[in-house]
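Enquirer: Below is the file run00.pdb, which contains PDB, C-alpha atoms and all ligand atoms.
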```
ATOM      1  CA  MET W1317       0.000   0.000   0.000  1.00  0.00           C
ATOM      2  CA  LYS W1318       1.122   3.514  -0.710  1.00  0.00           C
ATOM      3  CA  CYS W1319       0.488   6.870   0.874  1.00  0.00           C
ATOM      4  CA  THR W1320      -1.852   8.845  -1.334  1.00  0.00           C
ATOM      5  CA  SER W1321      -0.088  12.089  -0.549  1.00  0.00           C
ATOM      6  CA  CYS W1322       3.601  11.266  -0.906  1.00  0.00           C
ATOM      7  CA  ASN W1323       3.434   7.896  -2.696  1.00  0.00           C
ATOM      8  CA  LYS W1324       5.662   6.299  -0.133  1.00  0.00           C
ATOM      9  CA  GLU W1325       5.205   2.653   0.732  1.00  0.00           C
ATOM     10  CA  VAL W1326       3.437   2.227   4.057  1.00  0.00           C
ATOM     11  CA  THR W1327       3.289  -0.830   6.279  1.00  0.00           C
ATOM     12  CA  ASP W1328       2.008   0.323   9.617  1.00  0.00           C
ATOM     13  CA  ASN W1329       1.467   3.696  11.231  1.00  0.00           C
ATOM     14  CA  TYR W1330      -0.839   4.834   8.506  1.00  0.00           C
ATOM     15  CA  VAL W1331      -4.433   5.925   8.430  1.00  0.00           C
ATOM     16  CA  ARG W1332      -7.091   4.939   5.973  1.00  0.00           C
ATOM     17  CA  PHE W1333     -10.092   6.982   4.952  1.00  0.00           C
ATOM     18  CA  LYS W1334     -12.913   6.350   2.627  1.00  0.00           C
ATOM     19  CA  CYS W1335     -13.961   9.371   0.687  1.00  0.00           C
ATOM     20  CA  PRO W1336     -17.629  10.085   1.451  1.00  0.00           C
ATOM     21  CA  GLU W1337     -18.002  11.574  -1.994  1.00  0.00           C
ATOM     22  CA  CYS W1338     -16.633   8.916  -4.308  1.00  0.00           C
ATOM     23  CA  GLY W1339     -15.849   6.036  -1.930  1.00  0.00           C
ATOM     24  CA  LYS W1340     -12.231   5.887  -2.970  1.00  0.00           C
ATOM     25  CA  GLU W1341      -9.807   4.834  -0.282  1.00  0.00           C
ATOM     26  CA  THR W1342      -7.190   7.309   0.797  1.00  0.00           C
ATOM     27  CA  ILE W1343      -4.083   6.138   2.605  1.00  0.00           C
ATOM     28  CA  ARG W1344      -1.907   8.521   4.485  1.00  0.00           C
ATOM     29  CA  CYS W1345       1.350   7.855   6.230  1.00  0.00           C
ATOM     30  CA  GLN W1346       2.255   9.122   9.656  1.00  0.00           C
ATOM     31  CA  GLU W1347       4.392  11.908   8.269  1.00  0.00           C
ATOM     32  CA  CYS W1348       1.761  13.300   5.969  1.00  0.00           C
ATOM     33  CA  ARG W1349      -0.774  12.974   8.706  1.00  0.00           C
ATOM     34  CA  ALA W1350       1.384  15.066  10.991  1.00  0.00           C
ATOM     35  CA  ARG W1351       2.040  17.599   8.267  1.00  0.00           C
ATOM     36  CA  SER W1352      -1.492  18.415   7.295  1.00  0.00           C
ATOM     37  CA  GLY W1353      -4.833  18.315   9.055  1.00  0.00           C
ATOM     38  CA  ALA W1354      -6.963  17.677   6.013  1.00  0.00           C
ATOM     39  CA  TYR W1355      -6.731  15.303   3.108  1.00  0.00           C
ATOM     40  CA  LYS W1356      -7.736  15.921  -0.433  1.00  0.00           C
ATOM     41  CA  CYS W1357      -9.279  13.284  -2.599  1.00  0.00           C
ATOM     42  CA  GLU W1358      -8.716  13.267  -6.322  1.00  0.00           C
ATOM     43  CA  CYS W1359     -12.414  13.915  -6.761  1.00  0.00           C
ATOM     44  CA  GLY W1360     -11.881  17.274  -5.052  1.00  0.00           C
ATOM     45  CA  PHE W1361     -13.319  16.430  -1.678  1.00  0.00           C
ATOM     46  CA  THR W1362     -11.412  17.653   1.348  1.00  0.00           C
ATOM     47  CA  GLY W1363     -11.972  16.334   4.827  1.00  0.00           C
ATOM     48  CA  PRO W1364     -10.457  15.741   8.239  1.00  0.00           C
TER
HETATM   49 ZN    ZN H   1       2.834  10.271   3.054  1.00  0.00          ZN
HETATM   50 ZN    ZN H   2     -13.309  11.271  -3.492  1.00  0.00          ZN
END
```
Give the structure from the file, written as structure tokens.
Ligand SMILES: [Zn+2]
Ligand SMILES: [Zn+2]
Expert:
Amino acid sequence: MKCTSCNKEVTDNYVRFKCPECGKETIRCQECRARSGAYKCECGFTGP
């Protein structure tokens, strides 16, 4: 699995969201999670 933000391979210490707009899964590593409060889906949705 890869972080959606930085494309880095993640094993543990990652978070997984499902976009409420399009249902696509977003994976974010610990670093990206610490860097930004919100995520942005490719469909344009932003959320916590
Ligand atoms: Zn990342
Ligand atoms: Zn989406």
Enquirer: Return as number ranges by chain the set of residues that the PyMOL selection byres (((chain W and resi 1362) around 12) and not hetatm) yields on the displayed structure.
Expert: W: 1333-1338, 1342, 1352-1361, 1363-1364
Enquirer: Within 12 Å of Asn1323 in chain W, counting only C-alpha atoms, which residues qualify if same-chain residues fewer than 2 places away don't, as a PyMOL selection string?
Expert: chain W and resi 1317-1321+1325-1326+1342-1345+1347-1348
Enquirer: Determine the nearest neighbour of ligand ZN 2 (chain H) from the options W:Glu1341, W:Gln1346, W:Arg1332, W:Lys1324, counting all atoms listed in the file.
Expert: W:Glu1341
Enquirer: As lines of an AutoDock Vina configuration file, what would the box around range 1342-1351 of chain W look like: edges along x, y and z, 6 Å added on every side, centre and edge lengths in Å to one decimal?
Expert:
```
center_x = -1.4
center_y = 11.9
center_z = 5.9
size_x = 23.6
size_y = 23.5
size_z = 22.2
```
